[in-house]
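Structure data (mmCIF, C-alpha atoms) from query-v4.cif:
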```
data_model
#
loop_
_atom_site.group_PDB
_atom_site.id
_atom_site.type_symbol
_atom_site.label_atom_id
_atom_site.label_comp_id
_atom_site.auth_asym_id
_atom_site.auth_seq_id
_atom_site.Cartn_x
_atom_site.Cartn_y
_atom_site.Cartn_z
ATOM 1 C CA MET A 149 49.932 -54.022 5.385
ATOM 2 C CA ALA A 150 51.511 -56.622 7.674
ATOM 3 C CA ILE A 151 50.214 -60.165 7.896
ATOM 4 C CA LYS A 152 48.896 -60.845 11.407
ATOM 5 C CA ALA A 153 50.117 -64.176 12.748
ATOM 6 C CA LEU A 154 49.392 -66.291 15.819
ATOM 7 C CA ILE A 155 51.843 -68.831 17.229
ATOM 8 C CA ILE A 156 50.295 -71.986 18.704
ATOM 9 C CA ASP A 157 53.006 -74.076 20.366
ATOM 10 C CA ASP A 158 53.457 -75.541 23.859
ATOM 11 C CA GLU A 159 57.249 -75.037 23.775
ATOM 12 C CA PRO A 160 58.412 -71.553 24.895
ATOM 13 C CA LEU A 161 61.702 -72.016 23.043
ATOM 14 C CA ALA A 162 59.875 -72.727 19.777
ATOM 15 C CA GLN A 163 57.687 -69.655 20.292
ATOM 16 C CA ASN A 164 60.749 -67.482 20.859
ATOM 17 C CA VAL A 165 62.460 -68.754 17.707
ATOM 18 C CA ILE A 166 59.458 -67.795 15.583
ATOM 19 C CA LYS A 167 59.197 -64.396 17.298
ATOM 20 C CA GLN A 168 62.867 -63.670 16.651
ATOM 21 C CA TYR A 169 62.601 -64.737 13.019
ATOM 22 C CA ALA A 170 59.467 -62.603 12.578
ATOM 23 C CA LEU A 171 61.311 -59.505 13.785
ATOM 24 C CA LYS A 172 63.462 -59.747 10.647
ATOM 25 C CA ILE A 173 60.396 -59.575 8.368
ATOM 26 C CA PRO A 174 58.662 -56.161 8.296
ATOM 27 C CA SER A 175 55.515 -57.553 6.669
ATOM 28 C CA LEU A 176 54.955 -60.134 9.418
ATOM 29 C CA ASP A 177 53.349 -59.130 12.732
ATOM 30 C CA ILE A 178 53.087 -61.680 15.559
ATOM 31 C CA VAL A 179 49.899 -60.642 17.361
ATOM 32 C CA GLY A 180 49.833 -63.429 19.923
ATOM 33 C CA ALA A 181 51.174 -66.745 21.185
ATOM 34 C CA CYS A 182 49.250 -69.629 22.746
ATOM 35 C CA ASN A 183 50.481 -72.715 24.567
ATOM 36 C CA ASP A 184 47.594 -74.916 23.427
ATOM 37 C CA ALA A 185 44.714 -75.129 20.966
ATOM 38 C CA ILE A 186 42.056 -74.196 23.539
ATOM 39 C CA CYS A 187 43.782 -70.890 24.223
ATOM 40 C CA ALA A 188 44.109 -70.349 20.472
ATOM 41 C CA GLN A 189 40.402 -70.890 19.902
ATOM 42 C CA GLU A 190 39.586 -68.224 22.499
ATOM 43 C CA PHE A 191 42.113 -65.847 20.948
ATOM 44 C CA LEU A 192 40.674 -66.301 17.456
ATOM 45 C CA LEU A 193 37.172 -65.503 18.679
ATOM 46 C CA LYS A 194 38.315 -62.042 19.780
ATOM 47 C CA ASN A 195 41.075 -61.156 17.307
ATOM 48 C CA GLU A 196 41.654 -60.951 13.550
ATOM 49 C CA VAL A 197 44.422 -63.329 12.424
ATOM 50 C CA ASP A 198 45.663 -64.070 8.893
ATOM 51 C CA LEU A 199 48.237 -66.803 9.550
ATOM 52 C CA LEU A 200 48.840 -69.569 12.097
ATOM 53 C CA PHE A 201 52.201 -71.091 13.007
ATOM 54 C CA LEU A 202 50.707 -74.293 14.358
ATOM 55 C CA ASP A 203 52.464 -77.039 16.286
ATOM 56 C CA ILE A 204 50.982 -80.531 15.960
ATOM 57 C CA ASN A 205 51.941 -82.464 19.093
ATOM 58 C CA MET A 206 50.362 -80.406 21.905
ATOM 59 C CA PRO A 207 48.522 -81.205 25.150
ATOM 60 C CA LYS A 208 44.701 -81.208 25.347
ATOM 61 C CA LEU A 209 44.177 -81.081 21.566
ATOM 62 C CA SER A 210 46.567 -81.766 18.700
ATOM 63 C CA GLY A 211 47.175 -79.215 15.981
ATOM 64 C CA ILE A 212 45.637 -81.610 13.454
ATOM 65 C CA SER A 213 42.394 -81.915 15.436
ATOM 66 C CA PHE A 214 42.329 -78.186 16.076
ATOM 67 C CA LEU A 215 42.649 -77.407 12.368
ATOM 68 C CA LYS A 216 39.970 -79.933 11.382
ATOM 69 C CA ASN A 217 37.468 -78.125 13.605
ATOM 70 C CA LEU A 218 38.583 -74.574 12.835
ATOM 71 C CA ASN A 219 35.848 -72.475 11.237
ATOM 72 C CA LYS A 220 37.951 -69.413 10.429
ATOM 73 C CA ASN A 221 39.488 -68.971 6.995
ATOM 74 C CA VAL A 222 43.161 -68.552 7.923
ATOM 75 C CA LEU A 223 46.455 -69.617 6.382
ATOM 76 C CA VAL A 224 48.398 -72.333 8.216
ATOM 77 C CA ILE A 225 52.052 -73.293 8.450
ATOM 78 C CA PHE A 226 52.730 -76.373 10.583
ATOM 79 C CA THR A 227 55.766 -76.348 12.891
ATOM 80 C CA THR A 228 56.637 -79.687 14.468
ATOM 81 C CA ALA A 229 59.444 -82.085 15.326
ATOM 82 C CA TYR A 230 57.515 -85.059 13.923
ATOM 83 C CA SER A 231 57.812 -85.592 10.171
ATOM 84 C CA GLU A 232 55.252 -88.416 10.120
ATOM 85 C CA TYR A 233 52.460 -85.828 10.267
ATOM 86 C CA ALA A 234 53.525 -84.082 7.068
ATOM 87 C CA LEU A 235 51.129 -85.847 4.696
ATOM 88 C CA GLU A 236 48.095 -85.313 6.913
ATOM 89 C CA GLY A 237 49.085 -81.674 7.301
ATOM 90 C CA TYR A 238 49.147 -81.091 3.557
ATOM 91 C CA GLU A 239 45.812 -82.890 3.181
ATOM 92 C CA LEU A 240 44.375 -80.200 5.462
ATOM 93 C CA ASN A 241 45.622 -77.555 3.010
ATOM 94 C CA ALA A 242 48.469 -76.331 5.173
ATOM 95 C CA LEU A 243 50.770 -74.068 3.162
ATOM 96 C CA ASP A 244 53.983 -75.563 4.472
ATOM 97 C CA TYR A 245 55.453 -77.941 7.026
ATOM 98 C CA LEU A 246 58.465 -76.744 9.047
ATOM 99 C CA LYS A 247 60.332 -79.532 10.806
ATOM 100 C CA LYS A 248 62.042 -78.358 13.999
ATOM 101 C CA PRO A 249 64.681 -77.104 14.272
ATOM 102 C CA PHE A 250 64.382 -74.945 11.163
ATOM 103 C CA SER A 251 66.593 -72.114 9.924
ATOM 104 C CA PHE A 252 65.532 -68.552 9.220
ATOM 105 C CA GLU A 253 65.983 -69.235 5.494
ATOM 106 C CA ARG A 254 63.522 -72.138 5.654
ATOM 107 C CA PHE A 255 61.123 -70.072 7.787
ATOM 108 C CA TYR A 256 61.273 -67.178 5.341
ATOM 109 C CA LYS A 257 60.596 -69.480 2.390
ATOM 110 C CA ALA A 258 57.424 -70.704 4.098
ATOM 111 C CA PHE A 259 56.370 -67.158 4.926
ATOM 112 C CA VAL A 260 56.772 -66.069 1.279
ATOM 113 C CA LYS A 261 54.268 -68.795 0.322
ATOM 114 C CA ALA A 262 51.860 -67.452 2.913
ATOM 115 C CA GLU A 263 52.352 -63.861 1.789
ATOM 116 C CA GLU A 264 51.665 -64.736 -1.853
ATOM 117 C CA MET A 265 48.535 -66.673 -0.905
ATOM 118 C CA TYR A 266 47.391 -63.854 1.378
ATOM 119 C CA TRP A 267 47.491 -61.276 -1.419
ATOM 120 C CA LEU A 268 45.880 -63.635 -3.926
ATOM 121 C CA LYS A 269 43.074 -64.323 -1.495
ATOM 122 C CA ASN A 270 42.532 -60.635 -0.797
ATOM 123 C CA LYS A 271 42.559 -59.807 -4.486
ATOM 124 C CA ALA A 272 39.912 -62.468 -5.137
ATOM 125 C CA GLU A 273 37.758 -61.232 -2.267
ATOM 126 C CA ASN A 274 38.014 -57.624 -3.428
ATOM 127 C CA SER A 275 37.129 -58.623 -6.981
ATOM 128 C CA SER A 276 34.132 -60.528 -5.667
ATOM 129 C CA GLU A 277 32.966 -57.498 -3.691
ATOM 130 C CA ASN A 278 33.357 -55.252 -6.730
ATOM 131 C CA GLU A 279 31.265 -57.634 -8.800
ATOM 132 C CA LYS A 280 28.511 -57.549 -6.176
ATOM 133 C CA VAL A 281 28.210 -53.768 -6.117
ATOM 134 C CA SER A 282 29.109 -52.991 -9.740
ATOM 135 C CA ASP A 283 26.315 -54.634 -11.703
ATOM 136 C CA PHE A 284 25.246 -51.435 -13.465
ATOM 137 C CA LEU A 285 26.449 -48.102 -14.797
ATOM 138 C CA PHE A 286 24.912 -44.695 -15.412
ATOM 139 C CA ILE A 287 25.077 -43.021 -18.804
ATOM 140 C CA LYS A 288 23.952 -39.598 -19.988
ATOM 141 C CA SER A 289 21.321 -39.736 -22.720
ATOM 142 C CA ASN A 290 18.908 -36.988 -23.800
ATOM 143 C CA LYS A 291 20.070 -34.765 -20.914
ATOM 144 C CA LYS A 292 19.226 -37.462 -18.360
ATOM 145 C CA SER A 293 21.300 -39.937 -16.347
ATOM 146 C CA VAL A 294 20.049 -43.410 -17.184
ATOM 147 C CA LYS A 295 20.844 -46.505 -15.124
ATOM 148 C CA ILE A 296 21.834 -49.464 -17.296
ATOM 149 C CA LYS A 297 22.121 -52.926 -15.753
ATOM 150 C CA PHE A 298 24.822 -55.064 -17.338
ATOM 151 C CA THR A 299 22.453 -58.031 -17.545
ATOM 152 C CA ASP A 300 20.040 -55.993 -19.703
ATOM 153 C CA ILE A 301 22.603 -55.141 -22.403
ATOM 154 C CA LEU A 302 22.395 -57.145 -25.643
ATOM 155 C CA TYR A 303 25.189 -55.403 -27.514
ATOM 156 C CA ILE A 304 26.789 -52.003 -28.005
ATOM 157 C CA GLU A 305 27.185 -50.322 -31.380
ATOM 158 C CA GLY A 306 29.836 -47.712 -32.151
ATOM 159 C CA LEU A 307 28.676 -44.565 -33.966
ATOM 160 C CA GLY A 308 31.790 -42.439 -34.360
ATOM 161 C CA ASP A 309 32.082 -40.328 -31.214
ATOM 162 C CA TYR A 310 28.914 -41.909 -29.831
ATOM 163 C CA ILE A 311 27.711 -45.371 -28.925
ATOM 164 C CA LYS A 312 24.264 -46.959 -29.014
ATOM 165 C CA ILE A 313 23.483 -49.382 -26.189
ATOM 166 C CA HIS A 314 20.954 -51.978 -27.302
ATOM 167 C CA LEU A 315 18.696 -53.468 -24.637
ATOM 168 C CA SER A 316 15.965 -56.030 -25.209
ATOM 169 C CA ASP A 317 13.262 -53.350 -24.946
ATOM 170 C CA ASN A 318 15.088 -50.054 -25.470
ATOM 171 C CA LYS A 319 18.106 -48.256 -26.972
ATOM 172 C CA PHE A 320 20.203 -45.421 -25.601
ATOM 173 C CA VAL A 321 22.723 -43.181 -27.366
ATOM 174 C CA THR A 322 25.492 -41.552 -25.350
ATOM 175 C CA ASN A 323 28.720 -39.674 -25.979
ATOM 176 C CA LEU A 324 31.315 -42.353 -25.171
ATOM 177 C CA SER A 325 34.011 -44.103 -27.170
ATOM 178 C CA MET A 326 33.994 -47.864 -27.664
ATOM 179 C CA LYS A 327 37.266 -48.094 -25.769
ATOM 180 C CA LYS A 328 35.860 -46.212 -22.765
ATOM 181 C CA ILE A 329 32.618 -48.181 -22.546
ATOM 182 C CA HIS A 330 34.456 -51.489 -22.911
ATOM 183 C CA ALA A 331 36.681 -50.586 -19.947
ATOM 184 C CA LEU A 332 33.571 -49.941 -17.826
ATOM 185 C CA LEU A 333 32.027 -53.341 -18.586
ATOM 186 C CA PRO A 334 32.730 -56.663 -16.797
ATOM 187 C CA GLN A 335 35.433 -58.216 -18.985
ATOM 188 C CA ASP A 336 34.143 -61.762 -18.438
ATOM 189 C CA GLN A 337 30.662 -60.842 -19.742
ATOM 190 C CA PHE A 338 31.341 -58.612 -22.724
ATOM 191 C CA TYR A 339 33.579 -59.121 -25.740
ATOM 192 C CA ARG A 340 34.518 -56.827 -28.607
ATOM 193 C CA THR A 341 33.888 -58.617 -31.890
ATOM 194 C CA HIS A 342 34.349 -55.706 -34.274
ATOM 195 C CA LYS A 343 35.627 -52.117 -34.214
ATOM 196 C CA SER A 344 31.939 -51.115 -34.049
ATOM 197 C CA PHE A 345 30.441 -53.840 -31.839
ATOM 198 C CA ILE A 346 30.730 -55.157 -28.292
ATOM 199 C CA VAL A 347 28.489 -58.107 -27.498
ATOM 200 C CA SER A 348 27.133 -59.628 -24.314
ATOM 201 C CA VAL A 349 28.441 -63.194 -24.492
ATOM 202 C CA ASP A 350 25.465 -64.416 -22.479
ATOM 203 C CA LYS A 351 23.060 -63.051 -25.110
ATOM 204 C CA ILE A 352 24.652 -64.771 -28.131
ATOM 205 C CA GLU A 353 22.175 -67.078 -29.863
ATOM 206 C CA THR A 354 24.196 -68.448 -32.788
ATOM 207 C CA LEU A 355 27.573 -68.135 -34.475
ATOM 208 C CA GLU A 356 27.825 -68.647 -38.213
ATOM 209 C CA GLY A 357 30.892 -67.752 -40.275
ATOM 210 C CA ASN A 358 31.768 -64.152 -39.483
ATOM 211 C CA LEU A 359 28.395 -63.357 -37.961
ATOM 212 C CA VAL A 360 27.090 -63.486 -34.399
ATOM 213 C CA SER A 361 23.336 -63.488 -33.831
ATOM 214 C CA ILE A 362 21.790 -61.673 -30.847
ATOM 215 C CA ASN A 363 18.067 -61.111 -30.450
ATOM 216 C CA GLY A 364 17.574 -61.797 -34.142
ATOM 217 C CA GLU A 365 20.216 -59.277 -35.233
ATOM 218 C CA LYS A 366 23.264 -60.518 -37.159
ATOM 219 C CA LEU A 367 26.412 -58.638 -36.156
ATOM 220 C CA PRO A 368 29.796 -58.855 -37.923
ATOM 221 C CA ILE A 369 32.958 -60.375 -36.438
ATOM 222 C CA GLY A 370 35.922 -58.344 -37.665
ATOM 223 C CA ASN A 371 38.970 -60.134 -39.077
ATOM 224 C CA SER A 372 41.303 -58.579 -36.491
ATOM 225 C CA TYR A 373 39.013 -59.748 -33.650
ATOM 226 C CA ARG A 374 38.065 -63.171 -35.000
ATOM 227 C CA GLN A 375 40.947 -65.285 -33.649
ATOM 228 C CA ASP A 376 40.804 -63.969 -30.089
ATOM 229 C CA PHE A 377 37.010 -64.045 -30.009
ATOM 230 C CA PHE A 378 36.722 -67.678 -31.082
ATOM 231 C CA ALA A 379 39.539 -68.686 -28.727
ATOM 232 C CA TYR A 380 37.423 -67.182 -25.938
ATOM 233 C CA ILE A 381 34.189 -68.801 -27.152
ATOM 234 C CA ASN A 382 35.872 -72.222 -27.417
ATOM 235 C CA LYS A 383 36.198 -72.253 -23.630
ATOM 236 C CA PHE A 384 32.437 -72.713 -23.498
ATOM 237 C CA THR A 385 32.110 -75.085 -26.450
ATOM 238 C CA ALA A 386 31.230 -78.735 -25.808
ATOM 239 C CA ASP A 387 33.357 -81.242 -27.744
#
```
Show me the file's structure as structure tokens.
Amino acid sequence: MAIKALIIDDEPLAQNVIKQYALKIPSLDIVGACNDAICAQEFLLKNEVDLLFLDINMPKLSGISFLKNLNKNVLVIFTTAYSEYALEGYELNALDYLKKPFSFERFYKAFVKAEEMYWLKNKAENSSENEKVSDFLFIKSNKKSVKIKFTDILYIEGLGDYIKIHLSDNKFVTNLSMKKIHALLPQDQFYRTHKSFIVSVDKIETLEGNLVSINGEKLPIGNSYRQDFFAYINKFTAD
């Protein structure tokens, strides 16, 4: 998937340089070019854009002012002949600052930053969406499909080829391995403390020695899990 970019620059020569450089990069697609910020604002209202190549010193409205009032979440690389704006540009979270004239090598270096940030941002957004829709799972128990919400799980107990899912007001047995059920759970909410136990971190009441207490039940912490488990728990421990 190519990154869609818009050039905002009042100099035709500068626009052409960026267009020519972009032709050398398959993952970069220049979808438009504007001579001023007003034109750019209109373009952004009607088109999806991931990245701006934004000049600073332009008529009508400067690139700095344009960016301060921009509501869209887009990546920005400043392109300008004036180095005195560099600090203010970075304070506005611009990815890079290209001082004209710039080489293809320098342009490509800035684009790589944008590409890395683009994929990180998309990964985070996709993870967020998955968390929104994946707050439960279905298991088969007693010949029925039962919906289990992650927030209702206290802990999971391994029983050979089966597992027992303990809820605050119920228990369900299903034919799943501990490894398989652990892979289906949100990794930031559930932790394996023993070869036979996976606990909901949010439901832990106390920790004492090699025991974790949940809903009045004391569950063992296995020696091979102890170090990693307490390293994880220490992230939430007040000094």
The residues within 6 Å of (49.6, -76.8, 17.0), using only C-alpha atoms and the coordinates of the file, should be reported as a PDB file with C-alpha atoms, keeping the file's coordinate frame; which are they?
```pdb
ATOM      1  CA  ILE A 156      50.295 -71.986  18.704  1.00  0.00           C
ATOM      2  CA  ASP A 157      53.006 -74.076  20.366  1.00  0.00           C
ATOM      3  CA  LEU A 202      50.707 -74.293  14.358  1.00  0.00           C
ATOM      4  CA  ASP A 203      52.464 -77.039  16.286  1.00  0.00           C
ATOM      5  CA  ILE A 204      50.982 -80.531  15.960  1.00  0.00           C
ATOM      6  CA  GLY A 211      47.175 -79.215  15.981  1.00  0.00           C
TER       7      GLY A 211
END
```
Exercise for the section: Do a neighbour search on Leu192 of chain A at 9 Å with all atoms listed in the file, toss out local chain neighbours closer than 5 positions, and write the hits as a ChimeraX atom specification. Expected result: /A:154,187,197,220
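Nearest-residue note for Tyr310 of chain A: choosing from A:Lys297, A:Ile362, A:Leu215, A:Ser325, the minimum distance belongs to A:Ser325, counting all atoms listed in the file.
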Exercise for the section: Rank A:Thr228, A:Thr299, A:Asn270, A:Ser361 by their smallest atom-to-atom distance to Phe250 of chain A, using only C-alpha atoms, and report the top residue only. Expected result: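 Closest to Phe250 of chain A, using only C-alpha atoms: A:Thr228.
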Exercise for the section: Just give me the gap between atom CA of Gln163 of chain A and atom CA of Lys247 of chain A in Å, one decimal is fine. Expected result: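 About the pair atom CA of Gln163 of chain A and atom CA of Lys247 of chain A: they are 13.9 Å apart.
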Exercise on segment 304-318 of chain A, axis-aligned box with 5 Å per side, report centre and edge lengths in Å to one decimal, as lines of an AutoDock Vina configuration file:
```
center_x = 22.7
center_y = -48.2
center_z = -29.5
size_x = 28.8
size_y = 25.7
size_z = 19.7
```
Problem - Output check: residues returned by the PyMOL selection byres ((chain A and resi 188) around 10), as number ranges by chain - result: A: 154-157, 180-187, 189-193, 200, 202, 214
Practice task
Would you please work out which residue, of A:Ser316, A:Phe338, A:Ser210, A:Leu355, is nearest to Asn382 of chain A when using only C-alpha atoms?
Solution key: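 Going through A:Ser316, A:Phe338, A:Ser210, A:Leu355 one by one, the smallest distance to Asn382 of chain A is for A:Leu355.
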Practice task
List every protein, DNA or RNA residue that has an atom no more than 12 Å from (59.7, -55.9, 4.0) in the file's coordinate frame, counting only C-alpha atoms, and report them as a count of residues only.
Solution key: 15
